[in-house]
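See structure below.
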Amino acid sequence: MSVEPLWSENLRKTYAVKGMPPVEALAGVSMNVHPGERVALLGRNGAGKTTFLRIASTLLRPTSGQIRVFGHDVSEHPERARPYIAVVPQEGKPFFHLPPREMIYTYLRARGLSRETSQSRTEEAIERMGLAEFADRLCITLSGGQRQRTMVATVIATQAPLLFLDEPTIGMDPFARREVWASLRDLTAKGSTILLTTHYLDEAEALSHRLYIVERGQVIVSGTSDDLKRSVGGTLKVSLPQGASEVESFRSFGEVVADGESLTIIVHPERLGELMELAVRRRLTATVGPVTLEEAFLRVVGRKIDED
Amino acid sequence: MRTDPPTTPIRQSRPFGGTGAFLWTEVLVQAHESLAMATSMVTQTVLLVFVYILNPGLIGVALIGAVLFSAFTLGQRVLNEAAYIRIDHKANDLYLAGPMTPEGYFLGMAGGILIVYLAPIALLGALAVLVAHLSLTTSLALLGLAGLVWLFAASIGYIFSTFFRDNRAIWAYASLFFNVFGVLPPVFYPLGFFPAALRPVALLMPPSAAAALLQSRIGETTLSTGQTELALFGLIAETALVFLFAIYWARRTVRGP
Ligand SMILES: Nc1ncnc2c1ncn2[C@@H]1O[C@H](COP(=O)(O)OP(=O)(O)O)[C@@H](O)[C@H]1O
Ligand SMILES: [Mg+2]
């Protein structure tokens, strides 16, 4: 039996919709998450990320396929998988009439942790996630980002072996997001495993060991963010603000995109020198930067959309 | 990347695990709604005033009815709370995708709501005991029957809550059930005032069944042995059935279809 924290094969989910054709949200998803890994699930709105997370976290029945959490069949025995997991639901909110400190503490108690453990983990989470200044104010008085931080802190404090976080940093400021990243790194260092979704591609890159991109319910790419960047033809991006007229001369270097007057070329580092020489000869100014995961994502998913 | 096993030892949840802790959570959450505690008594108070004006001699019956009605409408609060925190807060996802048991979640919520709203109900109960001169055994019968009515209503409330996808629909429908079944049948007035043909129905509905049993104890209603048995065993059986179904249903509805 597999002891992967999460393993799925050919997982499918079709939603029945009253008076409408059924919606196929997952069309055969296979994936695995290894112990101690942080894996990001990326994809456009409606790609199927939440559906996958909800099935994996025992909140939704799959239509077919297999899925296991620490070797326990989630479809057959969801109650056996539950003690291992904790979930930040998409658009979840803490109880408005509890302050964050009580929200976290009572949640840990409800999960069966002792008073002492709950107490110390609560304080740790407040400290780690920067909630101290509003930890004793009712959540109803908190800003959207502060509430979201409370939700994430609540779930992180469980130190569950497997955590599912559905858009955990939505609405958070850049400092808060980094506190979340640090806490998640701490958790995996202690042995937990994490599957999260995000639309912040910098976050996926900074945080995840591996990522899966889903599009229309199918995994279209998986690997590290570097793998993904390489798959679009290079890890560097050269921008030529006046280069559009010379598009043909640069085609051989890699993927080129003309936008108005300017030209962008994605290139492998080893061909950068040659490209820059050509730019200088043509008297074009050029700036070089890394290809971001967002650019790679846009190309990979865009290509898939074009194919379909 | 580390590959050693998770640090938290994993043990499977025991039945009803998490009940006490979630009950306490719910007490903390509900206790902030002090206005709700006052408004929970409005219908009862209004009906008591009506009865007192129309026939002061029936105020004892009405006070007993008010206690039972209060226990019954706690089911509506369970319905509202369960649906609201599931739909608006995603509390089901947060709490149930974890070691806490679904039955603990249901019972904790119902118990927490009971505790928070208990004070005004106890006050009504004390008034009933004093005004209707209830004996100790009748007082205990009132306590036990109100408890059954509460458990029945809380179970129904939780089951109903799972059918809503939108809080707005609940505002429209939830009060209907609890008010109609709590006010219309002979809860606040003697069974004898109810059309004879419909009395068996009243004896099968938990709030009016409990009321009839108590009315017969204080001599305001005469019940045959068969009627007493119908009311008592009907109430016990219905409560047990609905409660067991609520536990089954709570477990089943953790996962969407
Ligand atoms: N309860 C539902 N009933 C019908 N269709 C649904 C339901 N939930 C999600 N869907 C559909 O399934 C697809 C995947 O949704 P979701 O998993 O929420 O996407 P994501 O989280 O990637 O944005 C979408 O087309 C969405 O409209
Ligand atoms: Mg989603």
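Ligands are numbered from 1 in the order shown, chains are lettered A, B, ... in the order of the structure tokens, and residues start at 1 in each chain.
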
Near chain A, meaning an atom within 6 Å, which residues of chain B appear when counting only C-alpha atoms? Write them as a PDB file with all heavy atoms, in the first residue's frame.
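To be explicit, this is the file written out as selection.pdb:
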ATOM      1  N   MET B   1      14.469  18.165   1.556  1.00  0.00           N
ATOM      2  CA  MET B   1      13.149  17.625   1.897  1.00  0.00           C
ATOM      3  C   MET B   1      13.288  16.491   2.898  1.00  0.00           C
ATOM      4  O   MET B   1      14.086  15.594   2.704  1.00  0.00           O
ATOM      5  CB  MET B   1      12.497  17.096   0.622  1.00  0.00           C
ATOM      6  CG  MET B   1      11.025  16.891   0.761  1.00  0.00           C
ATOM      7  SD  MET B   1      10.402  16.036  -0.681  1.00  0.00           S
ATOM      8  CE  MET B   1      11.119  17.016  -1.998  1.00  0.00           C
ATOM      9  N   ARG B   2      12.488  16.577   3.961  1.00  0.00           N
ATOM     10  CA  ARG B   2      12.537  15.513   4.967  1.00  0.00           C
ATOM     11  C   ARG B   2      11.517  14.448   4.615  1.00  0.00           C
ATOM     12  O   ARG B   2      10.486  14.716   4.028  1.00  0.00           O
ATOM     13  CB  ARG B   2      12.205  16.096   6.339  1.00  0.00           C
ATOM     14  CG  ARG B   2      13.223  17.108   6.821  1.00  0.00           C
ATOM     15  CD  ARG B   2      14.129  16.472   7.838  1.00  0.00           C
ATOM     16  NE  ARG B   2      13.361  15.970   8.981  1.00  0.00           N
ATOM     17  CZ  ARG B   2      13.174  16.673  10.085  1.00  0.00           C
ATOM     18  NH1 ARG B   2      13.649  17.890  10.199  1.00  0.00           N
ATOM     19  NH2 ARG B   2      12.506  16.154  11.100  1.00  0.00           N
ATOM     20  N   THR B   3      11.826  13.241   4.966  1.00  0.00           N
ATOM     21  CA  THR B   3      10.868  12.181   4.651  1.00  0.00           C
ATOM     22  C   THR B   3      10.475  11.378   5.886  1.00  0.00           C
ATOM     23  O   THR B   3       9.865  10.337   5.770  1.00  0.00           O
ATOM     24  CB  THR B   3      11.443  11.215   3.604  1.00  0.00           C
ATOM     25  OG1 THR B   3      12.709  10.790   4.055  1.00  0.00           O
ATOM     26  CG2 THR B   3      11.535  11.853   2.245  1.00  0.00           C
ATOM     27  N   PRO B   6       5.149  12.014   9.907  1.00  0.00           N
ATOM     28  CA  PRO B   6       4.634  13.198  10.570  1.00  0.00           C
ATOM     29  C   PRO B   6       4.850  13.129  12.084  1.00  0.00           C
ATOM     30  O   PRO B   6       4.831  12.059  12.670  1.00  0.00           O
ATOM     31  CB  PRO B   6       3.137  13.160  10.262  1.00  0.00           C
ATOM     32  CG  PRO B   6       2.960  12.183   9.180  1.00  0.00           C
ATOM     33  CD  PRO B   6       4.150  11.315   9.128  1.00  0.00           C
ATOM     34  N   GLY B  18     -14.977  15.492  20.000  1.00  0.00           N
ATOM     35  CA  GLY B  18     -15.047  16.932  19.710  1.00  0.00           C
ATOM     36  C   GLY B  18     -16.314  17.604  20.206  1.00  0.00           C
ATOM     37  O   GLY B  18     -16.428  18.828  20.140  1.00  0.00           O
ATOM     38  N   ALA B  21     -15.690  20.252  23.102  1.00  0.00           N
ATOM     39  CA  ALA B  21     -14.936  21.426  22.654  1.00  0.00           C
ATOM     40  C   ALA B  21     -15.764  22.280  21.707  1.00  0.00           C
ATOM     41  O   ALA B  21     -15.735  23.507  21.776  1.00  0.00           O
ATOM     42  CB  ALA B  21     -13.640  20.990  21.973  1.00  0.00           C
ATOM     43  N   PHE B  22     -16.530  21.639  20.834  1.00  0.00           N
ATOM     44  CA  PHE B  22     -17.315  22.448  19.907  1.00  0.00           C
ATOM     45  C   PHE B  22     -18.497  23.087  20.623  1.00  0.00           C
ATOM     46  O   PHE B  22     -18.921  24.192  20.266  1.00  0.00           O
ATOM     47  CB  PHE B  22     -17.779  21.637  18.694  1.00  0.00           C
ATOM     48  CG  PHE B  22     -18.227  22.533  17.572  1.00  0.00           C
ATOM     49  CD1 PHE B  22     -17.324  23.399  16.975  1.00  0.00           C
ATOM     50  CD2 PHE B  22     -19.531  22.540  17.130  1.00  0.00           C
ATOM     51  CE1 PHE B  22     -17.720  24.266  15.964  1.00  0.00           C
ATOM     52  CE2 PHE B  22     -19.941  23.400  16.114  1.00  0.00           C
ATOM     53  CZ  PHE B  22     -19.035  24.262  15.529  1.00  0.00           C
ATOM     54  N   THR B  25     -17.113  26.167  21.981  1.00  0.00           N
ATOM     55  CA  THR B  25     -16.939  27.138  20.894  1.00  0.00           C
ATOM     56  C   THR B  25     -18.264  27.836  20.616  1.00  0.00           C
ATOM     57  O   THR B  25     -18.342  29.059  20.516  1.00  0.00           O
ATOM     58  CB  THR B  25     -16.485  26.417  19.604  1.00  0.00           C
ATOM     59  OG1 THR B  25     -15.347  25.605  19.904  1.00  0.00           O
ATOM     60  CG2 THR B  25     -16.131  27.413  18.515  1.00  0.00           C
ATOM     61  N   VAL B  29     -19.416  31.718  20.782  1.00  0.00           N
ATOM     62  CA  VAL B  29     -19.889  32.406  19.585  1.00  0.00           C
ATOM     63  C   VAL B  29     -21.274  33.006  19.837  1.00  0.00           C
ATOM     64  O   VAL B  29     -21.531  34.169  19.540  1.00  0.00           O
ATOM     65  CB  VAL B  29     -19.938  31.430  18.385  1.00  0.00           C
ATOM     66  CG1 VAL B  29     -20.667  32.046  17.214  1.00  0.00           C
ATOM     67  CG2 VAL B  29     -18.533  31.027  17.978  1.00  0.00           C
ATOM     68  N   HIS B  89     -19.400  30.683   6.408  1.00  0.00           N
ATOM     69  CA  HIS B  89     -18.058  30.588   6.995  1.00  0.00           C
ATOM     70  C   HIS B  89     -17.281  29.384   6.511  1.00  0.00           C
ATOM     71  O   HIS B  89     -16.115  29.245   6.816  1.00  0.00           O
ATOM     72  CB  HIS B  89     -18.153  30.564   8.519  1.00  0.00           C
ATOM     73  CG  HIS B  89     -18.529  31.889   9.115  1.00  0.00           C
ATOM     74  ND1 HIS B  89     -17.606  32.769   9.588  1.00  0.00           N
ATOM     75  CD2 HIS B  89     -19.729  32.492   9.256  1.00  0.00           C
ATOM     76  CE1 HIS B  89     -18.223  33.863  10.023  1.00  0.00           C
ATOM     77  NE2 HIS B  89     -19.520  33.704   9.832  1.00  0.00           N
ATOM     78  N   LYS B  90     -17.938  28.460   5.814  1.00  0.00           N
ATOM     79  CA  LYS B  90     -17.299  27.205   5.400  1.00  0.00           C
ATOM     80  C   LYS B  90     -16.814  26.428   6.629  1.00  0.00           C
ATOM     81  O   LYS B  90     -15.762  25.794   6.605  1.00  0.00           O
ATOM     82  CB  LYS B  90     -16.132  27.467   4.436  1.00  0.00           C
ATOM     83  CG  LYS B  90     -16.494  28.301   3.215  1.00  0.00           C
ATOM     84  CD  LYS B  90     -17.219  27.450   2.186  1.00  0.00           C
ATOM     85  CE  LYS B  90     -17.941  28.294   1.154  1.00  0.00           C
ATOM     86  NZ  LYS B  90     -17.092  28.939   0.197  1.00  0.00           N
ATOM     87  N   LEU B  94     -13.875  23.468   7.445  1.00  0.00           N
ATOM     88  CA  LEU B  94     -12.812  23.680   8.427  1.00  0.00           C
ATOM     89  C   LEU B  94     -12.845  22.610   9.515  1.00  0.00           C
ATOM     90  O   LEU B  94     -11.822  22.028   9.862  1.00  0.00           O
ATOM     91  CB  LEU B  94     -12.958  25.070   9.048  1.00  0.00           C
ATOM     92  CG  LEU B  94     -11.896  25.448  10.075  1.00  0.00           C
ATOM     93  CD1 LEU B  94     -10.529  25.572   9.420  1.00  0.00           C
ATOM     94  CD2 LEU B  94     -12.268  26.753  10.773  1.00  0.00           C
ATOM     95  N   ALA B  97     -13.340  18.363   7.895  1.00  0.00           N
ATOM     96  CA  ALA B  97     -12.185  17.763   7.218  1.00  0.00           C
ATOM     97  C   ALA B  97     -11.046  17.750   8.223  1.00  0.00           C
ATOM     98  O   ALA B  97     -10.090  18.502   8.137  1.00  0.00           O
ATOM     99  CB  ALA B  97     -11.824  18.562   5.975  1.00  0.00           C
ATOM    100  N   GLY B  98     -11.185  16.893   9.216  1.00  0.00           N
ATOM    101  CA  GLY B  98     -10.228  16.813  10.308  1.00  0.00           C
ATOM    102  C   GLY B  98     -10.708  15.751  11.274  1.00  0.00           C
ATOM    103  O   GLY B  98     -11.705  15.068  11.005  1.00  0.00           O
ATOM    104  N   PRO B  99     -10.037  15.628  12.412  1.00  0.00           N
ATOM    105  CA  PRO B  99     -10.376  14.535  13.329  1.00  0.00           C
ATOM    106  C   PRO B  99     -11.690  14.705  14.084  1.00  0.00           C
ATOM    107  O   PRO B  99     -12.187  13.753  14.670  1.00  0.00           O
ATOM    108  CB  PRO B  99      -9.210  14.514  14.321  1.00  0.00           C
ATOM    109  CG  PRO B  99      -8.434  15.747  14.086  1.00  0.00           C
ATOM    110  CD  PRO B  99      -8.867  16.388  12.818  1.00  0.00           C
ATOM    111  N   MET B 100     -12.254  15.911  14.079  1.00  0.00           N
ATOM    112  CA  MET B 100     -13.502  16.085  14.806  1.00  0.00           C
ATOM    113  C   MET B 100     -14.616  15.280  14.140  1.00  0.00           C
ATOM    114  O   MET B 100     -14.700  15.226  12.921  1.00  0.00           O
ATOM    115  CB  MET B 100     -13.876  17.559  14.774  1.00  0.00           C
ATOM    116  CG  MET B 100     -15.069  17.832  15.607  1.00  0.00           C
ATOM    117  SD  MET B 100     -15.502  19.546  15.481  1.00  0.00           S
ATOM    118  CE  MET B 100     -16.907  19.492  16.526  1.00  0.00           C
ATOM    119  N   VAL B 254     -21.156  15.157   5.436  1.00  0.00           N
ATOM    120  CA  VAL B 254     -19.844  15.821   5.432  1.00  0.00           C
ATOM    121  C   VAL B 254     -19.386  15.943   3.981  1.00  0.00           C
ATOM    122  O   VAL B 254     -18.834  16.951   3.562  1.00  0.00           O
ATOM    123  CB  VAL B 254     -18.802  15.016   6.219  1.00  0.00           C
ATOM    124  CG1 VAL B 254     -17.435  15.674   6.105  1.00  0.00           C
ATOM    125  CG2 VAL B 254     -19.209  14.883   7.667  1.00  0.00           C
ATOM    126  N   ARG B 255     -19.649  14.893   3.215  1.00  0.00           N
ATOM    127  CA  ARG B 255     -19.227  14.896   1.812  1.00  0.00           C
ATOM    128  C   ARG B 255     -20.383  15.277   0.919  1.00  0.00           C
ATOM    129  O   ARG B 255     -21.470  14.699   1.012  1.00  0.00           O
ATOM    130  CB  ARG B 255     -18.751  13.509   1.408  1.00  0.00           C
ATOM    131  CG  ARG B 255     -17.313  13.300   1.741  1.00  0.00           C
ATOM    132  CD  ARG B 255     -16.736  12.206   0.939  1.00  0.00           C
ATOM    133  NE  ARG B 255     -17.433  10.958   1.123  1.00  0.00           N
ATOM    134  CZ  ARG B 255     -17.048   9.829   0.540  1.00  0.00           C
ATOM    135  NH1 ARG B 255     -15.998   9.822  -0.236  1.00  0.00           N
ATOM    136  NH2 ARG B 255     -17.705   8.732   0.746  1.00  0.00           N
ATOM    137  N   GLY B 256     -20.136  16.240   0.052  1.00  0.00           N
ATOM    138  CA  GLY B 256     -21.142  16.611  -0.928  1.00  0.00           C
ATOM    139  C   GLY B 256     -21.301  15.501  -1.945  1.00  0.00           C
ATOM    140  O   GLY B 256     -20.420  14.640  -2.073  1.00  0.00           O
ATOM    141  N   PRO B 257     -22.422  15.506  -2.695  1.00  0.00           N
ATOM    142  CA  PRO B 257     -22.682  14.437  -3.656  1.00  0.00           C
ATOM    143  C   PRO B 257     -21.731  14.506  -4.856  1.00  0.00           C
ATOM    144  O   PRO B 257     -21.246  15.563  -5.176  1.00  0.00           O
ATOM    145  CB  PRO B 257     -24.107  14.700  -4.098  1.00  0.00           C
ATOM    146  CG  PRO B 257     -24.328  16.144  -3.845  1.00  0.00           C
ATOM    147  CD  PRO B 257     -23.483  16.519  -2.690  1.00  0.00           C
TER     148      PRO B 257
END

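The contact shell of ligand 2, defined as all polymer residues within 8 Å when only C-alpha atoms and all ligand atoms are used, comprises A:Asn45, A:Gly46, A:Gly48, A:Lys49, A:Thr50, A:Thr51, A:Gln90, A:Asp166, A:Glu167, A:Thr197.
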
Since we have the selection now, will you write its residues out, keeping N, CA and C atoms, as a PDB file, in the first residue's frame?
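Everything below was put into result07.pdb:
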ATOM      1  N   ASN A  45      -9.401  30.139 -13.359  1.00  0.00           N
ATOM      2  CA  ASN A  45     -10.658  30.001 -12.616  1.00  0.00           C
ATOM      3  C   ASN A  45     -11.480  28.909 -13.276  1.00  0.00           C
ATOM      4  N   GLY A  46     -11.988  28.014 -12.477  1.00  0.00           N
ATOM      5  CA  GLY A  46     -12.831  26.956 -13.032  1.00  0.00           C
ATOM      6  C   GLY A  46     -12.059  25.779 -13.587  1.00  0.00           C
ATOM      7  N   GLY A  48     -10.609  23.443 -11.962  1.00  0.00           N
ATOM      8  CA  GLY A  48     -10.870  22.224 -11.197  1.00  0.00           C
ATOM      9  C   GLY A  48     -10.046  22.099  -9.922  1.00  0.00           C
ATOM     10  N   LYS A  49      -9.356  23.158  -9.541  1.00  0.00           N
ATOM     11  CA  LYS A  49      -8.470  23.091  -8.368  1.00  0.00           C
ATOM     12  C   LYS A  49      -9.250  22.832  -7.081  1.00  0.00           C
ATOM     13  N   THR A  50     -10.284  23.631  -6.864  1.00  0.00           N
ATOM     14  CA  THR A  50     -11.061  23.474  -5.629  1.00  0.00           C
ATOM     15  C   THR A  50     -11.730  22.107  -5.597  1.00  0.00           C
ATOM     16  N   THR A  51     -12.234  21.679  -6.741  1.00  0.00           N
ATOM     17  CA  THR A  51     -12.868  20.364  -6.808  1.00  0.00           C
ATOM     18  C   THR A  51     -11.879  19.282  -6.377  1.00  0.00           C
ATOM     19  N   GLN A  90     -11.598  27.497   0.454  1.00  0.00           N
ATOM     20  CA  GLN A  90     -11.674  28.716  -0.337  1.00  0.00           C
ATOM     21  C   GLN A  90     -12.799  29.582   0.225  1.00  0.00           C
ATOM     22  N   ASP A 166      -6.639  26.279   0.098  1.00  0.00           N
ATOM     23  CA  ASP A 166      -7.230  26.733  -1.162  1.00  0.00           C
ATOM     24  C   ASP A 166      -7.170  28.258  -1.211  1.00  0.00           C
ATOM     25  N   GLU A 167      -6.285  28.775  -2.009  1.00  0.00           N
ATOM     26  CA  GLU A 167      -6.041  30.222  -2.121  1.00  0.00           C
ATOM     27  C   GLU A 167      -5.852  30.852  -0.739  1.00  0.00           C
ATOM     28  N   THR A 197      -3.407  25.888  -3.480  1.00  0.00           N
ATOM     29  CA  THR A 197      -3.677  26.526  -4.766  1.00  0.00           C
ATOM     30  C   THR A 197      -3.404  28.006  -4.597  1.00  0.00           C
TER      31      THR A 197
END

Can you list, as a list of chain:residue names, every protein, DNA or RNA residue that comes within 10 Å of region 173-180 of chain A when you count only C-alpha atoms, leaving out same-chain residues fewer than 4 positions away?
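Those residues are A:Arg128, A:Met129, A:Gly130, A:Leu131, A:Gly145, A:Gln146, A:Gln148, A:Arg149, A:Val152, A:Ala153, A:Ile156, A:Pro168, A:Thr169, A:Leu184, A:Arg185, A:Asp186, A:Glu203, A:Ala206, A:Leu207.
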
Those residues you just picked out, can you put them in a file as a PDB file, in the first residue's frame with C-alpha atoms?
ATOM      1  CA  ARG A 128       4.551  33.392  13.789  1.00  0.00           C
ATOM      2  CA  MET A 129       1.733  34.784  11.666  1.00  0.00           C
ATOM      3  CA  GLY A 130       1.910  38.299  13.088  1.00  0.00           C
ATOM      4  CA  LEU A 131      -1.570  38.329  14.622  1.00  0.00           C
ATOM      5  CA  GLY A 145      -6.794  40.259   5.037  1.00  0.00           C
ATOM      6  CA  GLN A 146      -6.598  39.981   8.828  1.00  0.00           C
ATOM      7  CA  GLN A 148      -7.780  35.458   6.148  1.00  0.00           C
ATOM      8  CA  ARG A 149      -4.580  35.462   8.198  1.00  0.00           C
ATOM      9  CA  VAL A 152      -4.584  30.332   7.815  1.00  0.00           C
ATOM     10  CA  ALA A 153      -3.076  30.624  11.300  1.00  0.00           C
ATOM     11  CA  ILE A 156      -1.346  25.977  10.373  1.00  0.00           C
ATOM     12  CA  PRO A 168      -4.719  30.794   1.396  1.00  0.00           C
ATOM     13  CA  THR A 169      -3.072  34.174   0.811  1.00  0.00           C
ATOM     14  CA  LEU A 184       4.495  26.682   5.713  1.00  0.00           C
ATOM     15  CA  ARG A 185       8.207  26.075   5.282  1.00  0.00           C
ATOM     16  CA  ASP A 186       8.500  25.501   9.036  1.00  0.00           C
ATOM     17  CA  GLU A 203       4.123  32.632  -4.433  1.00  0.00           C
ATOM     18  CA  ALA A 206       8.849  30.893  -3.884  1.00  0.00           C
ATOM     19  CA  LEU A 207       7.004  28.259  -1.951  1.00  0.00           C
TER      20      LEU A 207
END

Name the residues of region 90-281 of chain A that come out as strand (DSSP E or B) in a backbone DSSP run; write them as a PyMOL selection string.
chain A and resi 162-166+193-197+210-215+218-223+236-240+256-259+262-267

Find the residue from A:Gly233, A:Pro21, A:Gly260, A:Gly43 that sits nearest to ligand 1; use only C-alpha atoms and all ligand atoms when measuring.
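Looking only at the distances to ligand 1, the closest residue turns out to be A:Gly43.
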
All residues 12 Å or closer to region 222-226 of chain B, only C-alpha atoms, same chain fewer than 2 positions away omitted, as a list in words:
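Returned residues: Pro190, Leu191, Gly192, Phe193, Arg199, Pro200, Leu203, Ala209, Ala211, Ala212, Leu213, Leu214, Gln215, Ser216, Arg217, Ile218, Gly219, Glu220, Thr228, Glu229, Leu230, Ala231, Leu232, Phe233 and Gly234 of chain B.
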
Residues from the last selection, C-alpha atoms, saved as a CSV table (one decimal), in the first residue's frame:
chain,number,residue,atom,x,y,z
B,190,PRO,CA,-55.5,22.6,26.7
B,191,LEU,CA,-55.9,19.6,24.3
B,192,GLY,CA,-59.6,19.8,24.9
B,193,PHE,CA,-59.8,23.0,22.9
B,199,ARG,CA,-56.3,15.1,18.7
B,200,PRO,CA,-54.5,12.0,17.7
B,203,LEU,CA,-50.7,13.6,20.5
B,209,ALA,CA,-47.7,15.5,23.0
B,211,ALA,CA,-47.9,19.5,26.6
B,212,ALA,CA,-50.8,17.1,26.7
B,213,LEU,CA,-49.0,14.8,29.1
B,214,LEU,CA,-48.2,17.7,31.5
B,215,GLN,CA,-51.7,19.1,31.2
B,216,SER,CA,-53.1,15.7,32.2
B,217,ARG,CA,-50.8,15.6,35.2
B,218,ILE,CA,-52.2,19.0,36.5
B,219,GLY,CA,-55.8,18.0,35.7
B,220,GLU,CA,-56.3,20.4,32.8
B,228,THR,CA,-51.1,8.7,27.4
B,229,GLU,CA,-49.2,5.8,26.0
B,230,LEU,CA,-49.5,7.2,22.4
B,231,ALA,CA,-48.2,10.6,23.5
B,232,LEU,CA,-45.4,9.3,25.7
B,233,PHE,CA,-44.1,6.4,23.6
B,234,GLY,CA,-44.7,8.4,20.4

Could you check which of A:Thr224, A:Thr235, A:Gln218, A:Asn10 is closest to ligand 1, using only C-alpha atoms and all ligand atoms?
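Distance minimum relative to ligand 1 lands on A:Gln218.
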
Quick one: pull the distance between CA of Gly289 (chain A) and CA of Val238 (chain A), Å, one decimal.
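According to the coordinates, CA of Gly289 (chain A) and CA of Val238 (chain A) are separated by 6.5 Å.
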
Here is a test: counting only C-alpha atoms, which residue of A:Glu246, A:His77, A:Lys304, A:Ser120 is nearest to Gln12 (chain B)?
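Between A:Glu246, A:His77, A:Lys304, A:Ser120, the residue approaching Gln12 (chain B) most closely is A:His77.
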
Backbone-only DSSP, helix (DSSP H, G or I) members of region 28-93 of chain A, as an MDAnalysis selection string:
chainID A and resid 49:56 78:84

Counting only C-alpha atoms and all ligand atoms, figure out which residue out of A:Leu240, A:Leu6, A:Ile213, A:Leu195 gets nearest to ligand 1.
A:Ile213

So, counting only C-alpha atoms, which residue among B:Ala38, B:Leu54, B:Leu176, B:Val61 is closest to Val131 (chain B)?
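Of B:Ala38, B:Leu54, B:Leu176, B:Val61, the one nearest Val131 (chain B) is B:Val61, counting only C-alpha atoms.
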